[in-house]
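For reference, model_35.cif (mmCIF, C-alpha atoms):
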```cif
data_run
#
loop_
_atom_site.label_atom_id
_atom_site.label_comp_id
_atom_site.auth_asym_id
_atom_site.auth_seq_id
_atom_site.Cartn_x
_atom_site.Cartn_y
_atom_site.Cartn_z
CA MET G 616 9.41 -220.56 -74.25
CA ALA G 617 9.65 -223.77 -76.27
CA ASP G 618 6.28 -223.01 -77.87
CA ARG G 619 7.43 -219.53 -78.92
CA VAL G 620 10.58 -220.98 -80.44
CA ALA G 621 8.44 -223.50 -82.33
CA ASP G 622 6.14 -220.67 -83.50
CA ARG G 623 9.13 -218.82 -84.96
CA ALA G 624 10.42 -221.95 -86.67
CA GLU G 625 7.11 -222.60 -88.39
CA SER G 626 6.18 -220.31 -91.29
CA ARG G 627 3.44 -217.74 -90.80
CA ALA G 628 1.42 -219.38 -93.58
CA ASP G 629 1.58 -222.79 -91.93
CA LEU G 630 0.66 -221.34 -88.55
CA ARG G 631 -2.32 -219.52 -90.07
CA LYS G 632 -3.50 -222.73 -91.71
CA ARG G 633 -3.16 -224.66 -88.45
CA LEU G 634 -5.11 -222.06 -86.48
CA VAL G 635 -7.85 -221.78 -89.10
CA ALA G 636 -8.16 -225.58 -89.18
CA ALA G 637 -8.40 -225.68 -85.38
CA ALA G 638 -11.06 -222.95 -85.37
CA ALA G 639 -12.99 -224.73 -88.13
CA ASP G 640 -12.93 -228.04 -86.25
CA LEU G 641 -14.21 -226.39 -83.08
CA LEU G 642 -16.86 -224.54 -85.05
CA VAL G 643 -18.16 -227.74 -86.60
CA ALA G 644 -17.94 -229.84 -83.43
CA GLU G 645 -19.18 -227.39 -80.81
CA GLY G 646 -20.52 -224.26 -82.50
CA ARG G 647 -19.53 -220.60 -82.55
CA ASP G 648 -19.36 -220.14 -78.76
CA ALA G 649 -16.65 -222.81 -78.53
CA VAL G 650 -14.29 -220.84 -80.77
CA THR G 651 -12.39 -218.93 -78.09
CA THR G 652 -8.78 -217.78 -77.93
CA ARG G 653 -7.88 -220.37 -75.33
CA ALA G 654 -9.69 -223.26 -77.06
CA VAL G 655 -8.24 -222.52 -80.49
CA SER G 656 -4.69 -221.97 -79.26
CA THR G 657 -4.86 -225.19 -77.21
CA ALA G 658 -6.23 -227.18 -80.15
CA ALA G 659 -3.56 -225.76 -82.47
CA GLY G 660 -0.76 -226.23 -79.92
CA VAL G 661 0.35 -222.59 -79.86
CA GLN G 662 0.42 -219.74 -77.36
CA PRO G 663 -2.69 -217.46 -77.34
CA PRO G 664 -0.68 -214.36 -78.40
CA THR G 665 0.03 -216.10 -81.71
CA ILE G 666 -3.61 -215.58 -82.70
CA TYR G 667 -3.36 -211.84 -82.13
CA ARG G 668 -0.01 -211.65 -83.89
CA LEU G 669 -1.33 -213.37 -87.02
CA PHE G 670 -4.97 -212.27 -87.14
CA GLY G 671 -5.16 -209.09 -85.05
CA ASP G 672 -7.95 -210.47 -82.87
CA MET G 673 -10.53 -213.27 -82.77
CA ASN G 674 -12.68 -211.46 -85.32
CA GLY G 675 -9.76 -211.69 -87.72
CA LEU G 676 -9.45 -215.41 -87.08
CA LEU G 677 -13.19 -215.90 -87.57
CA ALA G 678 -13.03 -213.94 -90.84
CA ALA G 679 -10.21 -216.22 -92.01
CA THR G 680 -12.26 -219.26 -91.00
CA ALA G 681 -15.25 -217.93 -92.96
CA ALA G 682 -12.95 -217.41 -95.95
CA ASP G 683 -11.87 -221.03 -95.58
CA GLY G 684 -15.54 -222.02 -95.79
CA PHE G 685 -15.95 -219.97 -98.96
CA THR G 686 -12.88 -221.67 -100.43
CA ARG G 687 -14.44 -225.08 -99.80
CA TYR G 688 -17.68 -223.84 -101.35
CA LEU G 689 -15.88 -222.47 -104.41
CA THR G 690 -13.97 -225.72 -104.88
CA ARG G 691 -17.27 -227.57 -105.03
CA LYS G 692 -18.95 -224.98 -107.24
CA SER G 693 -16.07 -224.62 -109.70
CA SER G 694 -15.80 -228.37 -110.22
CA ARG G 695 -18.98 -228.42 -112.34
CA ALA G 696 -18.44 -227.71 -116.03
CA PRO G 697 -20.96 -225.35 -117.70
CA SER G 698 -23.75 -227.07 -119.61
CA ALA G 699 -25.39 -225.98 -122.84
CA ASP G 700 -28.29 -224.44 -120.89
CA PRO G 701 -27.29 -221.60 -118.53
CA VAL G 702 -30.68 -221.73 -116.78
CA ASP G 703 -30.02 -225.36 -115.88
CA ASP G 704 -26.64 -224.21 -114.55
CA LEU G 705 -28.47 -221.64 -112.43
CA ARG G 706 -30.61 -224.44 -111.01
CA ALA G 707 -27.55 -226.57 -110.30
CA GLY G 708 -25.81 -223.63 -108.61
CA TRP G 709 -28.85 -223.07 -106.38
CA ASP G 710 -28.99 -226.74 -105.38
CA MET G 711 -25.25 -226.75 -104.69
CA HIS G 712 -25.60 -223.67 -102.45
CA ILE G 713 -28.40 -225.25 -100.41
CA GLU G 714 -26.54 -228.57 -100.16
CA PHE G 715 -23.35 -226.86 -98.98
CA GLY G 716 -25.24 -224.96 -96.29
CA LEU G 717 -26.98 -228.07 -94.98
CA ASP G 718 -23.76 -230.11 -95.07
CA ASN G 719 -21.68 -227.35 -93.41
CA PRO G 720 -24.07 -225.49 -91.08
CA ALA G 721 -21.41 -224.01 -88.80
CA HIS G 722 -19.35 -222.65 -91.70
CA TYR G 723 -22.47 -221.41 -93.47
CA LEU G 724 -23.68 -219.47 -90.44
CA LEU G 725 -20.25 -217.93 -90.07
CA MET G 726 -20.08 -217.09 -93.79
CA TYR G 727 -23.55 -215.57 -94.13
CA GLY G 728 -24.97 -215.09 -90.65
CA GLN G 729 -23.38 -211.71 -89.90
CA PRO G 730 -22.86 -209.84 -93.18
CA GLN G 731 -20.71 -206.73 -92.99
CA PRO G 732 -21.35 -204.08 -95.68
CA GLY G 733 -18.20 -203.71 -97.75
CA GLY G 734 -16.47 -206.38 -95.67
CA GLU G 735 -16.60 -209.27 -98.13
CA SER G 736 -13.60 -211.53 -98.44
CA ASP G 737 -11.95 -212.24 -101.79
CA ALA G 738 -13.57 -215.68 -101.74
CA ALA G 739 -17.03 -214.19 -101.14
CA ARG G 740 -16.51 -211.81 -104.06
CA GLU G 741 -15.44 -214.76 -106.21
CA ALA G 742 -18.63 -216.64 -105.27
CA HIS G 743 -20.66 -213.61 -106.33
CA ARG G 744 -18.66 -213.37 -109.57
CA LEU G 745 -19.46 -216.99 -110.42
CA LEU G 746 -23.17 -216.33 -109.92
CA ARG G 747 -22.99 -213.23 -112.11
CA GLU G 748 -21.12 -215.22 -114.74
CA ILE G 749 -23.97 -217.72 -115.01
CA LEU G 750 -26.54 -214.91 -115.16
CA GLU G 751 -24.57 -213.13 -117.86
CA ARG G 752 -24.73 -216.35 -119.89
CA VAL G 753 -28.50 -216.37 -119.33
CA ALA G 754 -28.63 -212.78 -120.59
CA ARG G 755 -26.54 -213.66 -123.67
CA ALA G 756 -29.03 -216.43 -124.41
CA GLY G 757 -31.75 -213.77 -124.43
CA ARG G 758 -33.55 -215.26 -121.44
CA LEU G 759 -32.88 -212.80 -118.60
CA THR G 760 -35.71 -210.37 -117.84
CA VAL G 761 -34.08 -208.26 -115.12
CA PRO G 762 -30.57 -206.73 -114.96
CA VAL G 763 -27.77 -209.12 -114.07
CA GLU G 764 -26.94 -207.53 -110.72
CA ARG G 765 -30.61 -207.40 -109.69
CA ALA G 766 -31.02 -211.06 -110.65
CA ALA G 767 -27.88 -211.97 -108.68
CA GLN G 768 -29.23 -210.25 -105.56
CA MET G 769 -32.62 -211.97 -105.94
CA VAL G 770 -31.15 -215.45 -106.44
CA HIS G 771 -28.57 -215.06 -103.67
CA GLY G 772 -31.01 -213.54 -101.18
CA ALA G 773 -33.66 -216.18 -101.79
CA GLY G 774 -31.08 -218.99 -101.60
CA MET G 775 -29.77 -217.72 -98.27
CA GLY G 776 -33.29 -217.38 -96.91
CA VAL G 777 -34.19 -220.96 -97.82
CA THR G 778 -30.92 -222.29 -96.38
CA PHE G 779 -31.38 -220.49 -93.06
CA ALA G 780 -35.03 -221.60 -92.89
CA LEU G 781 -34.02 -225.24 -93.41
CA LEU G 782 -31.14 -225.00 -90.94
CA ALA G 783 -33.58 -223.79 -88.29
CA LEU G 784 -35.37 -227.15 -88.52
CA LYS G 785 -34.26 -230.56 -87.33
CA PRO G 786 -32.84 -232.61 -90.23
CA GLU G 787 -35.81 -234.99 -90.17
CA GLU G 788 -38.23 -232.04 -90.43
CA ARG G 789 -36.64 -230.45 -93.49
CA ASP G 790 -38.69 -230.51 -96.68
CA LEU G 791 -36.28 -230.03 -99.58
CA GLY G 792 -39.30 -229.52 -101.82
CA VAL G 793 -39.44 -226.00 -100.35
CA SER G 794 -36.03 -225.33 -101.87
CA ALA G 795 -37.01 -226.70 -105.29
CA GLN G 796 -40.29 -224.75 -105.35
CA THR G 797 -38.65 -221.49 -104.28
CA ARG G 798 -35.87 -222.04 -106.82
CA GLU G 799 -38.36 -222.37 -109.66
CA ALA G 800 -40.32 -219.32 -108.47
CA VAL G 801 -37.17 -217.19 -108.45
CA ILE G 802 -36.00 -218.50 -111.83
CA ALA G 803 -39.44 -217.75 -113.28
CA ALA G 804 -39.17 -214.21 -111.90
CA VAL G 805 -35.83 -213.46 -113.59
CA THR G 806 -35.92 -215.54 -116.79
CA THR G 807 -38.18 -216.47 -119.65
CA GLN G 808 -38.56 -219.62 -121.69
CA ALA G 809 -36.25 -219.95 -124.69
CA ASP G 810 -37.91 -218.21 -127.65
CA THR G 811 -41.03 -217.76 -125.45
CA GLU G 812 -42.01 -221.35 -126.17
CA ASP G 813 -43.36 -223.90 -123.76
CA ASP G 814 -43.82 -227.55 -124.79
CA GLY G 815 -43.78 -226.48 -128.43
CA LEU G 816 -46.67 -224.03 -128.05
CA ARG G 817 -45.91 -220.35 -128.56
CA ARG G 818 -47.09 -218.18 -125.70
CA ALA G 819 -48.25 -214.61 -126.06
CA PRO G 820 -45.34 -212.73 -124.47
CA ASP G 821 -45.67 -209.82 -122.10
CA SER G 822 -44.57 -207.03 -124.45
CA ALA G 823 -42.73 -204.99 -121.79
CA ARG G 824 -41.03 -208.06 -120.32
CA GLU G 825 -40.08 -209.21 -123.83
CA ALA G 826 -38.62 -205.78 -124.64
CA ARG G 827 -36.52 -205.82 -121.46
CA ARG G 828 -35.30 -209.30 -122.32
CA ARG G 829 -34.08 -208.09 -125.71
CA VAL G 830 -32.44 -204.99 -124.22
CA LEU G 831 -30.62 -207.05 -121.59
CA ALA G 832 -29.44 -209.49 -124.25
CA LEU G 833 -28.01 -206.58 -126.26
CA ARG G 834 -26.40 -205.10 -123.14
CA SER G 835 -24.66 -208.41 -122.42
CA ILE G 836 -22.95 -208.61 -125.83
CA LEU G 837 -21.68 -205.03 -126.18
CA ASP G 838 -18.08 -206.22 -125.87
CA ASP G 839 -18.59 -208.60 -128.79
CA MET G 840 -20.08 -206.05 -131.18
CA PRO G 841 -17.86 -204.88 -134.07
CA ALA G 842 -18.97 -201.24 -133.74
CA THR G 843 -16.38 -198.90 -132.23
CA TYR G 844 -17.52 -196.28 -129.76
CA THR G 845 -15.70 -193.49 -128.03
CA PRO G 846 -15.51 -193.88 -124.22
CA GLY G 847 -18.23 -191.24 -123.87
CA GLU G 848 -20.49 -192.94 -126.40
CA ARG G 849 -19.99 -196.31 -124.76
CA MET G 850 -20.84 -194.88 -121.34
CA LEU G 851 -23.98 -193.22 -122.71
CA LEU G 852 -25.06 -196.40 -124.53
CA GLU G 853 -24.59 -198.51 -121.40
CA GLU G 854 -26.56 -195.99 -119.32
CA LEU G 855 -29.43 -195.96 -121.83
CA LEU G 856 -29.56 -199.75 -122.07
CA ASP G 857 -29.40 -200.12 -118.29
CA ARG G 858 -32.29 -197.69 -117.97
CA ALA G 859 -34.30 -199.41 -120.69
CA GLY G 860 -33.72 -202.80 -119.06
CA ARG G 861 -35.15 -201.78 -115.69
CA ASP G 862 -38.71 -202.61 -114.74
CA PRO G 863 -40.55 -199.26 -114.20
CA ALA G 864 -41.99 -200.74 -111.02
CA GLU G 865 -38.48 -200.80 -109.58
CA GLY G 866 -38.35 -196.98 -109.63
#
```

Translate this structure into structure tokens?
Amino acid sequence: MADRVADRAESRADLRKRLVAAAADLLVAEGRDAVTTRAVSTAAGVQPPTIYRLFGDMNGLLAATAADGFTRYLTRKSSRAPSADPVDDLRAGWDMHIEFGLDNPAHYLLMYGQPQPGGESDAAREAHRLLREILERVARAGRLTVPVERAAQMVHGAGMGVTFALLALKPEERDLGVSAQTREAVIAAVTTQADTEDDGLRRAPDSAREARRRVLALRSILDDMPATYTPGERMLLEELLDRAGRDPAEG
């Protein structure tokens, strides 16, 4: 009875924070199987029904705990100011993603281990938005060779794969060179050198790849162009540019 009175006296927001913190601590210390209704309620000092009242069920609490992990990730990611080179920012974002996963394995597995189509949290959507924002800057610089969303999926998917592969190894067995090499392979697949130059020597560009790069650069600055289009014209222009920017091999 005293616990229920205390529950009512404490705000819902504070109770949610306390339960999420308790679940996160158990997750980090003992793994996913340790995050049970009884263990979390005991650690938080509340009655088990409080979890169901605030989160619906344990899945709701786990989703809130994953969102807490994303919030920590976003705090780290947002703290870095953009540099003059968006491709370098893409590299830094990759390294930050891998580092977060290795530093917070329990949270990372909860955040990315069981993806639910259409079930992303607001924090997960914000993480994706930040990645797209960097890639849109790459496109504006004329260096993106695939559409922004395709590039985002490639970078994110490869980054997750590397993180999970490293997490499957003992810390002393992890070769971070795998991450750096994969990062450069993915960046090479979605970007080109500035002005198609390398060490001051002009390369012969792939004509189709170069054309897509120019189309994607134009697509990225439509909002900045002085020309005025009707909604129908704008929709048609975007559709044509999107089609022109796709690699025919993609279908």

Quiz item: When distances are computed from all atoms listed in the file, which of G:Leu759, G:Ala678, G:Ala795, G:Leu746 shows the smallest separation from Leu705 of chain G?
Solution: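 Of G:Leu759, G:Ala678, G:Ala795, G:Leu746, the one nearest Leu705 of chain G is G:Leu746, counting all atoms listed in the file.
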
Quiz item: Using only C-alpha atoms, which of G:Leu837, G:Met726, G:Val830, G:Ala639 sits nearest Ala681 of chain G?
Solution: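 Looking at the shortest contact to Ala681 of chain G, the residue is G:Met726.
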
Quiz prompt | Gap from atom CA of Arg765 of chain G to atom CA of Asp838 of chain G - Å, one decimal | solution =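 Value for the atom CA of Arg765 of chain G-atom CA of Asp838 of chain G distance: 20.5 Å.
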
Exercise. On this file, the PyMOL selection byres ((chain G and resi 828) around 10) gives some set of residues; write that set as number ranges by chain.
Key: G: 754-762, 805-807, 822-827, 829-834, 860

Quiz item: Using all atoms listed in the file, which of the listed residues (G:Phe685, G:Tyr727, G:Trp709, G:Phe715) sits closest to Ser794 of chain G?
Solution: G:Trp709

Self-check item: Using all atoms listed in the file: which of G:His712, G:Arg849, G:Arg744, G:Arg653 has the shortest distance to Lys692 of chain G
Solution: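 Result for the nearest residue to Lys692 of chain G: G:His712.
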
Practice problem: Find the residue from G:Ala804, G:Ala773, G:Val753, G:Leu782 that sits nearest to Tyr723 of chain G; use all atoms listed in the file when measuring. | Solution: G:Leu782

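Atom to atom, atom CA of Ile749 of chain G and atom CA of Pro701 of chain G stand 6.2 Å apart.
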
Quiz item: Between atom CA of Ala721 of chain G and atom CA of Leu750 of chain G, what is the spacing in Å?
Solution: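 Atom CA of Ala721 of chain G lies at a distance of 28.4 Å from atom CA of Leu750 of chain G.
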
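For Asn719 of chain G, the residues within 9 Å (counting only C-alpha atoms, excluding itself and residues fewer than 5 positions away along the chain) are Val643, Gly684, Glu714 and Leu724 of chain G.
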
I need the chosen residues saved as a CSV table (one decimal), in the frame of the given file, with C-alpha atoms.
```csv
chain,number,residue,atom,x,y,z
G,643,VAL,CA,-18.2,-227.7,-86.6
G,684,GLY,CA,-15.5,-222.0,-95.8
G,714,GLU,CA,-26.5,-228.6,-100.2
G,724,LEU,CA,-23.7,-219.5,-90.4
```

Practice problem: On this file, the PyMOL selection byres ((chain G and resi 660) around 10) gives some set of residues; write that set as a PyMOL selection string. | Solution: chain G and resi 618+621-622+633-634+637+654-659+661-663

Would you put the residues from that selection into a file with C-alpha atoms, as a PDB file, keeping the file's coordinate frame?
```
ATOM      1  CA  ASP G 618       6.280-223.010 -77.870  1.00  0.00           C
ATOM      2  CA  ALA G 621       8.440-223.500 -82.330  1.00  0.00           C
ATOM      3  CA  ASP G 622       6.140-220.670 -83.500  1.00  0.00           C
ATOM      4  CA  ARG G 633      -3.160-224.660 -88.450  1.00  0.00           C
ATOM      5  CA  LEU G 634      -5.110-222.060 -86.480  1.00  0.00           C
ATOM      6  CA  ALA G 637      -8.400-225.680 -85.380  1.00  0.00           C
ATOM      7  CA  ALA G 654      -9.690-223.260 -77.060  1.00  0.00           C
ATOM      8  CA  VAL G 655      -8.240-222.520 -80.490  1.00  0.00           C
ATOM      9  CA  SER G 656      -4.690-221.970 -79.260  1.00  0.00           C
ATOM     10  CA  THR G 657      -4.860-225.190 -77.210  1.00  0.00           C
ATOM     11  CA  ALA G 658      -6.230-227.180 -80.150  1.00  0.00           C
ATOM     12  CA  ALA G 659      -3.560-225.760 -82.470  1.00  0.00           C
ATOM     13  CA  VAL G 661       0.350-222.590 -79.860  1.00  0.00           C
ATOM     14  CA  GLN G 662       0.420-219.740 -77.360  1.00  0.00           C
ATOM     15  CA  PRO G 663      -2.690-217.460 -77.340  1.00  0.00           C
TER      16      PRO G 663
END
```

Practice problem: Compute the distance from (-4.4, -217.3, -91.6) to each atom, counting all atoms listed in the file, keep the residues with any atom at most 7 Å away, and return them as a list of chain:residue names; use the coordinates of the file. | Solution: G:Ala628, G:Arg631, G:Lys632, G:Val635, G:Leu669, G:Phe670, G:Ala679
